[in-house]
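Pasted below: final_33.cif, mmCIF, C-alpha atoms.
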```
data_entry
#
loop_
_atom_site.label_atom_id
_atom_site.label_comp_id
_atom_site.auth_asym_id
_atom_site.auth_seq_id
_atom_site.Cartn_x
_atom_site.Cartn_y
_atom_site.Cartn_z
CA MET A 1 4.91 23.15 -26.18
CA LYS A 2 1.56 21.42 -26.20
CA ASP A 3 2.90 18.73 -28.51
CA LEU A 4 5.74 18.11 -26.13
CA PHE A 5 3.24 17.80 -23.30
CA LEU A 6 1.13 15.39 -25.30
CA SER A 7 4.09 13.15 -26.02
CA SER A 8 5.92 13.30 -22.69
CA LEU A 9 5.23 10.94 -19.82
CA PHE A 10 7.37 12.86 -17.37
CA ILE A 11 6.68 16.55 -17.86
CA GLY A 12 3.45 16.82 -15.84
CA ALA A 13 4.79 14.74 -12.96
CA GLY A 14 8.13 16.58 -13.12
CA ILE A 15 6.55 20.02 -12.97
CA SER A 16 4.32 18.97 -10.06
CA LEU A 17 7.32 17.74 -8.05
CA LEU A 18 9.42 20.76 -8.94
CA ALA A 19 6.57 23.06 -7.84
CA TYR A 20 6.27 21.06 -4.60
CA PHE A 21 9.95 21.40 -3.78
CA SER A 22 9.80 25.14 -4.51
CA GLY A 23 7.15 25.17 -1.79
CA VAL A 24 9.33 23.13 0.59
CA TYR A 25 12.22 25.54 -0.10
CA LEU A 26 10.06 28.59 0.67
CA LYS A 27 8.73 26.97 3.84
CA ASN A 28 12.26 26.23 5.12
CA ARG A 29 13.58 29.61 4.00
CA PHE A 30 10.91 31.65 5.79
CA LYS A 31 10.04 29.10 8.48
CA SER A 32 6.38 29.99 8.18
CA GLY A 33 3.25 27.87 7.94
CA ILE A 34 1.79 30.26 5.35
CA PHE A 35 4.13 28.64 2.83
CA ASN A 36 2.27 25.38 2.56
CA PRO A 37 4.12 23.20 0.01
CA LEU A 38 0.94 21.52 -1.25
CA LEU A 39 -0.84 24.84 -1.84
CA ILE A 40 2.23 26.35 -3.50
CA ALA A 41 2.60 23.30 -5.73
CA ILE A 42 -1.05 23.54 -6.83
CA VAL A 43 -0.91 27.31 -7.46
CA LEU A 44 2.42 27.21 -9.33
CA THR A 45 1.35 24.27 -11.49
CA ILE A 46 -1.99 25.90 -12.40
CA ALA A 47 -0.19 29.17 -13.22
CA PHE A 48 2.31 27.31 -15.39
CA LEU A 49 -0.43 25.45 -17.29
CA LYS A 50 -2.47 28.64 -17.78
CA ILE A 51 0.52 30.60 -19.09
CA LEU A 52 1.40 27.88 -21.60
CA ASP A 53 -2.30 27.29 -22.38
CA ILE A 54 -2.20 23.58 -21.56
CA ASP A 55 -5.43 21.93 -20.40
CA TYR A 56 -5.83 19.69 -17.37
CA GLU A 57 -6.35 16.48 -19.36
CA THR A 58 -3.02 16.92 -21.14
CA TYR A 59 -1.22 17.65 -17.87
CA ASN A 60 -2.85 14.70 -16.15
CA MET A 61 -1.68 12.21 -18.78
CA SER A 62 1.66 12.42 -17.02
CA ALA A 63 0.67 13.65 -13.55
CA LYS A 64 -1.75 10.76 -12.98
CA TYR A 65 1.22 8.52 -12.28
CA ILE A 66 1.80 10.44 -9.04
CA SER A 67 -1.76 9.71 -7.95
CA TYR A 68 -1.35 6.04 -8.87
CA PHE A 69 0.25 5.51 -5.47
CA LEU A 70 -2.63 7.05 -3.55
CA THR A 71 -4.44 3.76 -2.87
CA PRO A 72 -1.34 1.85 -1.63
CA ALA A 73 -0.39 4.92 0.44
CA THR A 74 -3.84 5.11 2.04
CA VAL A 75 -3.69 1.37 2.74
CA SER A 76 -0.30 1.98 4.40
CA LEU A 77 -1.88 4.46 6.83
CA ALA A 78 -2.77 1.29 8.77
CA ILE A 79 0.93 1.02 9.73
CA PRO A 80 1.25 4.18 11.88
CA LEU A 81 -2.18 3.34 13.25
CA TYR A 82 -1.04 -0.14 14.29
CA GLU A 83 2.07 1.34 15.91
CA GLU A 84 -0.23 3.40 18.14
CA LEU A 85 -2.44 0.41 19.00
CA GLU A 86 -1.88 0.78 22.76
CA LEU A 87 -3.00 4.39 22.61
CA LEU A 88 -6.00 3.38 20.56
CA LYS A 89 -7.03 0.76 23.14
CA ARG A 90 -6.50 3.11 26.06
CA HIS A 91 -8.48 5.99 24.58
CA TYR A 92 -11.12 4.22 22.54
CA LYS A 93 -13.93 6.05 24.35
CA ALA A 94 -12.54 9.51 23.64
CA ILE A 95 -11.76 8.53 20.05
CA THR A 96 -15.22 7.13 19.28
CA ALA A 97 -17.07 10.00 20.95
CA ALA A 98 -14.88 12.63 19.27
CA ILE A 99 -15.21 11.29 15.72
CA LEU A 100 -18.97 10.81 16.11
CA SER A 101 -19.38 14.39 17.41
CA GLY A 102 -17.29 15.67 14.51
CA VAL A 103 -19.34 13.84 11.88
CA VAL A 104 -22.66 15.01 13.34
CA THR A 105 -21.31 18.57 13.66
CA SER A 106 -20.27 18.53 10.00
CA LEU A 107 -23.74 17.43 8.86
CA VAL A 108 -25.53 19.89 11.17
CA THR A 109 -23.30 22.82 10.12
CA VAL A 110 -23.87 22.12 6.42
CA PHE A 111 -27.63 21.84 7.08
CA LEU A 112 -27.85 25.12 9.00
CA LEU A 113 -25.74 27.10 6.54
CA SER A 114 -27.63 25.66 3.55
CA LYS A 115 -30.88 26.74 5.23
CA ILE A 116 -29.49 30.26 5.78
CA PHE A 117 -28.31 30.54 2.15
CA GLY A 118 -31.59 29.06 0.89
CA LEU A 119 -29.89 26.33 -1.14
CA THR A 120 -31.87 23.81 -3.18
CA HIS A 121 -32.00 20.12 -2.21
CA SER A 122 -29.41 19.20 -4.87
CA GLU A 123 -27.03 21.93 -3.75
CA TYR A 124 -27.47 20.96 -0.10
CA VAL A 125 -26.67 17.27 -0.61
CA THR A 126 -23.71 18.28 -2.77
CA PHE A 127 -22.14 19.82 0.35
CA LEU A 128 -23.26 17.16 2.88
CA PRO A 129 -20.26 14.81 2.43
CA LYS A 130 -17.72 17.64 2.18
CA SER A 131 -15.60 16.66 5.20
CA ILE A 132 -14.85 13.07 4.18
CA THR A 133 -12.37 11.50 1.79
CA THR A 134 -13.04 12.11 -1.94
CA ALA A 135 -13.86 8.57 -3.03
CA ILE A 136 -16.49 8.05 -0.29
CA GLY A 137 -17.82 11.61 -0.62
CA MET A 138 -18.37 11.23 -4.36
CA GLY A 139 -20.41 8.09 -3.78
CA VAL A 140 -22.55 9.71 -1.08
CA SER A 141 -23.20 12.81 -3.20
CA GLU A 142 -24.17 10.72 -6.21
CA GLU A 143 -26.51 8.52 -4.21
CA LEU A 144 -28.30 11.50 -2.65
CA GLY A 145 -28.62 13.32 -5.98
CA GLY A 146 -25.92 15.99 -5.65
CA TYR A 147 -23.61 17.54 -8.26
CA VAL A 148 -20.63 15.19 -8.04
CA THR A 149 -18.08 17.50 -9.75
CA ILE A 150 -18.83 20.28 -7.25
CA THR A 151 -18.64 17.79 -4.36
CA VAL A 152 -15.15 16.74 -5.49
CA ALA A 153 -13.99 20.37 -5.77
CA VAL A 154 -15.39 21.24 -2.33
CA ILE A 155 -13.87 18.13 -0.73
CA VAL A 156 -10.41 18.88 -2.17
CA LEU A 157 -10.68 22.54 -1.09
CA THR A 158 -11.79 21.45 2.41
CA GLY A 159 -8.71 19.24 2.66
CA VAL A 160 -6.37 21.97 1.45
CA PHE A 161 -8.01 24.51 3.82
CA GLY A 162 -7.61 22.14 6.80
CA ASN A 163 -4.04 21.33 5.77
CA ILE A 164 -3.10 25.03 5.70
CA PHE A 165 -5.12 26.48 8.60
CA GLY A 166 -5.47 23.43 10.87
CA GLU A 167 -2.53 24.32 13.09
CA LEU A 168 -3.77 27.89 13.58
CA ILE A 169 -7.39 26.82 14.19
CA LEU A 170 -6.40 24.19 16.77
CA LYS A 171 -4.16 26.70 18.51
CA LEU A 172 -6.93 29.32 18.70
CA LEU A 173 -9.40 26.70 19.95
CA LYS A 174 -6.84 25.62 22.56
CA VAL A 175 -7.01 21.93 21.67
CA LYS A 176 -4.19 20.40 23.73
CA GLU A 177 -3.80 16.62 23.40
CA PRO A 178 -1.93 15.23 20.36
CA ILE A 179 -4.69 12.60 20.08
CA SER A 180 -7.36 15.31 19.90
CA LYS A 181 -5.42 17.25 17.27
CA GLY A 182 -5.06 14.17 15.08
CA LEU A 183 -8.75 13.33 15.40
CA ALA A 184 -9.67 16.92 14.51
CA TYR A 185 -7.48 16.90 11.39
CA GLY A 186 -8.85 13.63 10.06
CA THR A 187 -12.52 14.29 10.85
CA ALA A 188 -12.52 17.86 9.49
CA SER A 189 -10.22 17.56 6.49
CA HIS A 190 -9.78 13.85 5.60
CA ALA A 191 -6.65 12.48 3.87
CA ILE A 192 -5.25 15.87 2.79
CA GLY A 193 -5.43 17.05 6.40
CA THR A 194 -3.88 13.73 7.48
CA ALA A 195 -0.85 14.46 5.29
CA LYS A 196 -0.29 17.53 7.49
CA ALA A 197 -1.01 15.66 10.75
CA MET A 198 1.69 13.13 9.76
CA GLU A 199 4.20 15.99 9.55
CA ILE A 200 3.27 17.26 13.02
CA GLY A 201 3.74 13.94 14.81
CA GLU A 202 3.24 10.19 14.82
CA ILE A 203 0.32 10.21 17.25
CA GLU A 204 -1.41 13.02 15.36
CA GLY A 205 -0.89 11.17 12.07
CA ALA A 206 -2.16 7.84 13.35
CA MET A 207 -5.29 9.35 14.93
CA SER A 208 -5.97 11.37 11.80
CA SER A 209 -5.77 8.24 9.59
CA LEU A 210 -8.19 6.46 11.89
CA SER A 211 -10.62 9.41 11.72
CA VAL A 212 -10.62 9.46 7.91
CA CYS A 213 -11.72 5.85 7.90
CA VAL A 214 -14.30 6.03 10.70
CA ALA A 215 -15.72 9.44 9.72
CA GLY A 216 -16.11 8.28 6.11
CA ILE A 217 -18.07 5.20 7.09
CA LEU A 218 -20.20 7.08 9.67
CA THR A 219 -21.09 9.68 7.02
CA VAL A 220 -22.26 6.94 4.63
CA ILE A 221 -24.67 5.84 7.38
CA LEU A 222 -25.75 9.26 8.72
CA ALA A 223 -25.89 11.50 5.61
CA PRO A 224 -29.07 9.86 4.21
CA LEU A 225 -30.86 10.74 7.48
CA PHE A 226 -30.02 14.41 6.93
CA ALA A 227 -30.61 14.45 3.17
CA ASN A 228 -34.37 15.01 3.24
CA LEU A 229 -34.28 17.91 5.69
CA ILE A 230 -34.08 20.36 2.76
CA MET B 1 14.53 -6.34 -3.12
CA LYS B 2 13.20 -5.86 0.40
CA TYR B 3 11.32 -2.73 -0.67
CA LEU B 4 9.84 -4.37 -3.73
CA LYS B 5 8.65 -7.35 -1.72
CA GLN B 6 6.97 -5.03 0.77
CA PHE B 7 5.41 -3.07 -2.08
CA LEU B 8 4.03 -6.29 -3.54
CA LEU B 9 2.32 -7.10 -0.26
CA ILE B 10 0.78 -3.61 -0.03
CA LEU B 11 -0.28 -3.86 -3.67
CA LEU B 12 -1.96 -7.23 -3.04
CA ILE B 13 -3.94 -5.76 -0.15
CA SER B 14 -4.93 -2.82 -2.38
CA LEU B 15 -6.08 -5.38 -4.96
CA ILE B 16 -8.24 -7.21 -2.39
CA GLY B 17 -9.67 -3.78 -1.51
CA GLU B 18 -10.54 -3.23 -5.18
CA ILE B 19 -12.24 -6.62 -5.36
CA LEU B 20 -14.33 -5.83 -2.26
CA HIS B 21 -15.22 -2.42 -3.71
CA TYR B 22 -16.32 -4.13 -6.93
CA TYR B 23 -18.62 -6.62 -5.22
CA ILE B 24 -19.97 -4.60 -2.28
CA ASN B 25 -22.50 -2.02 -3.33
CA LEU B 26 -21.42 0.77 -0.97
CA PRO B 27 -19.66 4.09 -1.71
CA VAL B 28 -16.57 2.89 0.18
CA PRO B 29 -13.35 3.07 -1.87
CA ALA B 30 -10.80 0.25 -2.28
CA SER B 31 -8.25 2.19 -0.21
CA ILE B 32 -10.47 2.21 2.90
CA TYR B 33 -11.17 -1.53 2.66
CA GLY B 34 -7.44 -2.05 2.20
CA MET B 35 -6.55 0.08 5.21
CA VAL B 36 -8.98 -1.85 7.43
CA LEU B 37 -7.67 -5.18 6.07
CA LEU B 38 -4.01 -4.30 6.65
CA PHE B 39 -4.80 -3.05 10.15
CA ALA B 40 -6.69 -6.27 10.95
CA ALA B 41 -3.89 -8.41 9.45
CA LEU B 42 -1.31 -6.61 11.61
CA CYS B 43 -3.42 -6.97 14.76
CA LEU B 44 -4.02 -10.68 14.11
CA LYS B 45 -0.29 -11.14 13.32
CA ILE B 46 -1.10 -12.50 9.85
CA ILE B 47 1.29 -9.84 8.56
CA LYS B 48 4.28 -8.75 10.62
CA LEU B 49 5.11 -5.07 10.87
CA GLU B 50 8.57 -5.65 9.34
CA GLN B 51 6.96 -7.11 6.22
CA VAL B 52 5.40 -3.77 5.23
CA LYS B 53 7.01 -1.10 7.39
CA ASP B 54 9.76 0.41 5.20
CA THR B 55 7.83 0.76 1.95
CA GLY B 56 4.63 1.67 3.81
CA LYS B 57 6.28 4.48 5.73
CA PHE B 58 7.89 5.76 2.55
CA LEU B 59 4.50 5.88 0.82
CA VAL B 60 2.93 7.67 3.80
CA ASN B 61 5.79 10.21 3.81
CA ILE B 62 5.37 11.18 0.18
CA MET B 63 1.58 11.23 0.38
CA PRO B 64 1.12 15.05 0.22
CA VAL B 65 2.63 15.06 -3.28
CA MET B 66 -0.04 12.63 -4.48
CA PHE B 67 -2.74 15.25 -3.94
CA ILE B 68 -1.22 17.74 -6.37
CA PRO B 69 -3.01 16.41 -9.49
CA ALA B 70 -6.39 16.53 -7.68
CA GLY B 71 -5.64 20.08 -6.52
CA VAL B 72 -4.60 21.19 -10.01
CA GLY B 73 -7.91 19.68 -11.22
CA LEU B 74 -9.61 22.58 -9.43
CA MET B 75 -8.66 24.74 -12.42
CA ASP B 76 -11.51 23.05 -14.31
CA SER B 77 -13.98 23.28 -11.42
CA PHE B 78 -13.91 27.04 -11.12
CA SER B 79 -16.68 27.52 -13.70
CA VAL B 80 -19.04 25.13 -11.85
CA LEU B 81 -18.23 26.66 -8.48
CA LYS B 82 -18.62 30.26 -9.65
CA PRO B 83 -22.46 30.55 -9.36
CA ILE B 84 -22.41 29.32 -5.72
CA ILE B 85 -19.02 30.66 -4.75
CA VAL B 86 -20.22 32.60 -1.65
CA PRO B 87 -22.17 29.79 0.07
CA ALA B 88 -19.48 27.31 -0.97
CA THR B 89 -16.68 29.33 0.61
CA VAL B 90 -18.59 30.03 3.82
CA ILE B 91 -19.76 26.40 4.22
CA LEU B 92 -16.25 25.15 3.48
CA ALA B 93 -14.41 27.33 5.99
CA VAL B 94 -17.02 27.32 8.78
CA THR B 95 -17.45 23.53 8.72
CA VAL B 96 -13.70 22.91 9.09
CA ILE B 97 -13.70 25.15 12.18
CA THR B 98 -16.85 23.72 13.82
CA VAL B 99 -15.76 20.10 13.18
CA MET B 100 -12.27 20.73 14.57
CA PHE B 101 -13.88 22.39 17.58
CA ALA B 102 -16.34 19.56 18.28
CA THR B 103 -13.85 16.74 17.68
CA GLY B 104 -10.89 18.34 19.45
CA LYS B 105 -12.82 19.53 22.49
CA VAL B 106 -14.79 16.32 23.04
CA SER B 107 -11.57 14.30 22.86
CA ASP B 108 -9.69 16.71 25.14
CA ALA B 109 -12.50 16.66 27.71
CA ILE B 110 -12.78 12.86 27.85
CA ILE B 111 -9.00 12.37 28.07
CA LYS B 112 -8.83 14.95 30.86
CA ALA B 113 -11.62 13.18 32.78
CA GLU B 114 -9.91 9.81 32.31
CA LYS B 115 -6.61 11.20 33.56
CA LYS B 116 -8.33 12.48 36.72
CA GLU B 117 -9.97 9.11 37.28
CA GLY B 118 -6.65 7.36 36.84
CA LYS B 119 -4.98 9.42 39.56
#
```
Any chance you could put this one into structure tokens?
Amino acid sequence: MKDLFLSSLFIGAGISLLAYFSGVYLKNRFKSGIFNPLLIAIVLTIAFLKILDIDYETYNMSAKYISYFLTPATVSLAIPLYEELELLKRHYKAITAAILSGVVTSLVTVFLLSKIFGLTHSEYVTFLPKSITTAIGMGVSEELGGYVTITVAVIVLTGVFGNIFGELILKLLKVKEPISKGLAYGTASHAIGTAKAMEIGEIEGAMSSLSVCVAGILTVILAPLFANLI
Amino acid sequence: MKYLKQFLLILLISLIGEILHYYINLPVPASIYGMVLLFAALCLKIIKLEQVKDTGKFLVNIMPVMFIPAGVGLMDSFSVLKPIIVPATVILAVTVITVMFATGKVSDAIIKAEKKEGK
């Protein structure tokens, strides 16, 4: 089986897609948000690889072709954003204030919790960029002296957590406006959360894309100011 | 052919993003530069919406699938996360909630105030 994996260009990508559509099937069958296709795809694929004793590198030789489209897809997030240009112009004050509050809240929350848990400086800065998109977060963590591999894991988990529980959290917090929901998704759980916001609605998706971009850049500027607090 | 042509345009913008990432010494990825560039090009009418819309929307639609390999990569991270699993889990979950609270509520409040003013 491992030999097949090593020689096939399609098996890793195929299994990932098959696992994803199993998730979509379950979601439609039970009409419940607990069946998050992305989470199900990740869990099923990991289980499959573990059972057949195939390592991640081997799997990724094929699966990486799915991720190849991530940059063009992220670039394309500008399209839904442009389609909501009028909304953006009309609500620029709310949008700017909301994303800035979110970024500062993220940094302050990580600082306070790190203080409570008595984390070291390196551990603390590893978590500082956790809310922003992976590529920016990695850079920030590296620059501040964090453990980059842990940062990546925490960022991905943050995205998956926001993707799964975002709807419930926003409902419990009684956030009403579609704009506000989109901003919350993007600022709290970056591109993976945006994938969910896109499914909820066009306004939510557009605002979420914008937040990923703005929150990422704001964190690059603000994280160094917080870095030396621990 | 239409789709391929649109894909070429998106790919070229991604490429310009990569070039900017290569020369600018900031932890900003090519995709973010590209997104800003495409948005600016659309606003300035350098690129028309129809020139990128179909392929772009398709890519955005299938985006969740593209995160599967990164998610599966977590299978290798478990050993590094294990020693700090408790703080990591708490920080992870609590931050998502506080950030959603701050962002969502600030936005809701300002929009509500603006609506009142408008009336």
Next on the checklist: Going by the chain IDs and residue numbers used in this file, which residues fall under the PyMOL selection byres ((chain A) within 7 of (chain B))? Write them as a VMD selection string.
Outcome noted: chain A and resid 16 38 41 to 42 45 to 46 56 60 63 to 64 66 to 67 70 to 79 82 94 to 95 98 to 99 101 to 102 105 to 106 109 to 110 113 117 135 to 136 139 to 140 150 153 156 158 162 169 173 175 to 177 180 to 181 183 to 185 188 to 189 192 195 213
Size and centre in Å, one decimal, axis-aligned box, all listed segment 73-79 of chain A atoms plus 5 Å per side, as JSON:
```
{"center_x": -1.5, "center_y": 3.1, "center_z": 5.1, "size_x": 14.8, "size_y": 14.1, "size_z": 19.3}
```
Checklist entry - Interatomic distance between atom CA of Lys45 of chain B and atom CA of Gly193 of chain A? => result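 If I compute the distance from atom CA of Lys45 of chain B to atom CA of Gly193 of chain A, I get 29.5 Å.
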Item to check | Residues within 9 Å of Pro178 of chain A, all atoms listed in the file, excluding chain neighbours under 4 positions, as a PyMOL selection string | outcome: chain A and resi 182-183+201+203-204+207
Next on the checklist: So that I can check the surroundings of Leu52 of chain A, please list as a VMD selection string every protein, DNA and RNA residue that reaches within 9 Å of it, counting all atoms listed in the file and ignoring chain neighbours fewer than 5 positions away.
Outcome noted: chain A and resid 1 to 2 47
Checklist entry - Can you tell me how far atom CA of Ser22 of chain A sits from atom CA of Tyr68 of chain A, in Å to one decimal? => result 22.5 Å
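When atom CA of Val125 of chain A is paired with atom CA of Ala215 of chain A, their separation reads 17.0 Å.
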Next on the checklist: Please determine, counting only C-alpha atoms, which residue among A:Leu88, A:Ala227, A:Leu144, A:Leu168 has the shortest atom-to-atom distance to Ser211 of chain A.
Outcome noted: A:Leu88
Report as a PDB file with C-alpha atoms, keeping the file's coordinate frame the residues that result from applying the PyMOL selection byres ((chain A and resi 224) around 10) to the structure here.
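Result saved to part-v8.pdb:
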```
ATOM      1  CA  VAL A 125     -26.670  17.270  -0.610  1.00  0.00           C
ATOM      2  CA  LEU A 128     -23.260  17.160   2.880  1.00  0.00           C
ATOM      3  CA  VAL A 140     -22.550   9.710  -1.080  1.00  0.00           C
ATOM      4  CA  SER A 141     -23.200  12.810  -3.200  1.00  0.00           C
ATOM      5  CA  GLU A 143     -26.510   8.520  -4.210  1.00  0.00           C
ATOM      6  CA  LEU A 144     -28.300  11.500  -2.650  1.00  0.00           C
ATOM      7  CA  THR A 219     -21.090   9.680   7.020  1.00  0.00           C
ATOM      8  CA  VAL A 220     -22.260   6.940   4.630  1.00  0.00           C
ATOM      9  CA  ILE A 221     -24.670   5.840   7.380  1.00  0.00           C
ATOM     10  CA  LEU A 222     -25.750   9.260   8.720  1.00  0.00           C
ATOM     11  CA  ALA A 223     -25.890  11.500   5.610  1.00  0.00           C
ATOM     12  CA  LEU A 225     -30.860  10.740   7.480  1.00  0.00           C
ATOM     13  CA  PHE A 226     -30.020  14.410   6.930  1.00  0.00           C
ATOM     14  CA  ALA A 227     -30.610  14.450   3.170  1.00  0.00           C
ATOM     15  CA  ASN A 228     -34.370  15.010   3.240  1.00  0.00           C
ATOM     16  CA  LEU A 229     -34.280  17.910   5.690  1.00  0.00           C
TER      17      LEU A 229
END
```
Checklist entry - Around (-29.9, 20.5, -2.5) in the file's frame, which residues reach within 9 Å when counting all atoms listed in the file? Return as a VMD selection string? => result chain A and resid 114 119 to 127 145 to 146 227 230
Place all heavy atoms on segment 69-77 of chain B and deliver the coordinates as a PDB file, in the frame of the given file.
```
ATOM      1  N   PRO B  69      -2.143  16.466  -8.303  1.00  0.00           N
ATOM      2  CA  PRO B  69      -3.010  16.410  -9.490  1.00  0.00           C
ATOM      3  C   PRO B  69      -4.480  16.732  -9.180  1.00  0.00           C
ATOM      4  O   PRO B  69      -5.121  17.464  -9.946  1.00  0.00           O
ATOM      5  CB  PRO B  69      -2.843  14.970  -9.978  1.00  0.00           C
ATOM      6  CG  PRO B  69      -1.491  14.578  -9.514  1.00  0.00           C
ATOM      7  CD  PRO B  69      -1.332  15.242  -8.175  1.00  0.00           C
ATOM      8  N   ALA B  70      -5.007  16.226  -8.048  1.00  0.00           N
ATOM      9  CA  ALA B  70      -6.390  16.530  -7.680  1.00  0.00           C
ATOM     10  C   ALA B  70      -6.565  18.022  -7.446  1.00  0.00           C
ATOM     11  O   ALA B  70      -7.556  18.625  -7.868  1.00  0.00           O
ATOM     12  CB  ALA B  70      -6.793  15.753  -6.430  1.00  0.00           C
ATOM     13  N   GLY B  71      -5.583  18.638  -6.795  1.00  0.00           N
ATOM     14  CA  GLY B  71      -5.640  20.080  -6.520  1.00  0.00           C
ATOM     15  C   GLY B  71      -5.581  20.889  -7.806  1.00  0.00           C
ATOM     16  O   GLY B  71      -6.342  21.845  -7.982  1.00  0.00           O
ATOM     17  N   VAL B  72      -4.709  20.481  -8.724  1.00  0.00           N
ATOM     18  CA  VAL B  72      -4.600  21.190 -10.010  1.00  0.00           C
ATOM     19  C   VAL B  72      -5.911  21.035 -10.796  1.00  0.00           C
ATOM     20  O   VAL B  72      -6.319  21.933 -11.529  1.00  0.00           O
ATOM     21  CB  VAL B  72      -3.388  20.665 -10.824  1.00  0.00           C
ATOM     22  CG1 VAL B  72      -3.339  21.287 -12.205  1.00  0.00           C
ATOM     23  CG2 VAL B  72      -2.086  20.970 -10.075  1.00  0.00           C
ATOM     24  N   GLY B  73      -6.616  19.921 -10.579  1.00  0.00           N
ATOM     25  CA  GLY B  73      -7.910  19.680 -11.220  1.00  0.00           C
ATOM     26  C   GLY B  73      -8.932  20.752 -10.891  1.00  0.00           C
ATOM     27  O   GLY B  73      -9.920  20.932 -11.609  1.00  0.00           O
ATOM     28  N   LEU B  74      -8.700  21.493  -9.811  1.00  0.00           N
ATOM     29  CA  LEU B  74      -9.610  22.580  -9.430  1.00  0.00           C
ATOM     30  C   LEU B  74      -9.683  23.652 -10.514  1.00  0.00           C
ATOM     31  O   LEU B  74     -10.653  24.390 -10.594  1.00  0.00           O
ATOM     32  CB  LEU B  74      -9.180  23.215  -8.112  1.00  0.00           C
ATOM     33  CG  LEU B  74      -9.326  22.340  -6.862  1.00  0.00           C
ATOM     34  CD1 LEU B  74      -8.705  23.032  -5.661  1.00  0.00           C
ATOM     35  CD2 LEU B  74     -10.784  22.028  -6.596  1.00  0.00           C
ATOM     36  N   MET B  75      -8.641  23.734 -11.361  1.00  0.00           N
ATOM     37  CA  MET B  75      -8.660  24.740 -12.420  1.00  0.00           C
ATOM     38  C   MET B  75      -9.845  24.551 -13.365  1.00  0.00           C
ATOM     39  O   MET B  75     -10.340  25.510 -13.947  1.00  0.00           O
ATOM     40  CB  MET B  75      -7.329  24.783 -13.203  1.00  0.00           C
ATOM     41  CG  MET B  75      -7.028  23.554 -14.036  1.00  0.00           C
ATOM     42  SD  MET B  75      -5.320  23.572 -14.706  1.00  0.00           S
ATOM     43  CE  MET B  75      -5.592  24.171 -16.366  1.00  0.00           C
ATOM     44  N   ASP B  76     -10.333  23.311 -13.471  1.00  0.00           N
ATOM     45  CA  ASP B  76     -11.510  23.050 -14.310  1.00  0.00           C
ATOM     46  C   ASP B  76     -12.817  23.231 -13.550  1.00  0.00           C
ATOM     47  O   ASP B  76     -13.875  23.338 -14.144  1.00  0.00           O
ATOM     48  CB  ASP B  76     -11.457  21.613 -14.849  1.00  0.00           C
ATOM     49  CG  ASP B  76     -10.486  21.471 -16.002  1.00  0.00           C
ATOM     50  OD1 ASP B  76      -9.979  22.522 -16.472  1.00  0.00           O
ATOM     51  OD2 ASP B  76     -10.222  20.340 -16.434  1.00  0.00           O
ATOM     52  N   SER B  77     -12.750  23.222 -12.214  1.00  0.00           N
ATOM     53  CA  SER B  77     -13.980  23.280 -11.420  1.00  0.00           C
ATOM     54  C   SER B  77     -14.438  24.703 -11.174  1.00  0.00           C
ATOM     55  O   SER B  77     -15.545  24.927 -10.697  1.00  0.00           O
ATOM     56  CB  SER B  77     -13.788  22.613 -10.057  1.00  0.00           C
ATOM     57  OG  SER B  77     -13.053  21.449 -10.186  1.00  0.00           O
TER      58      SER B  77
END
```
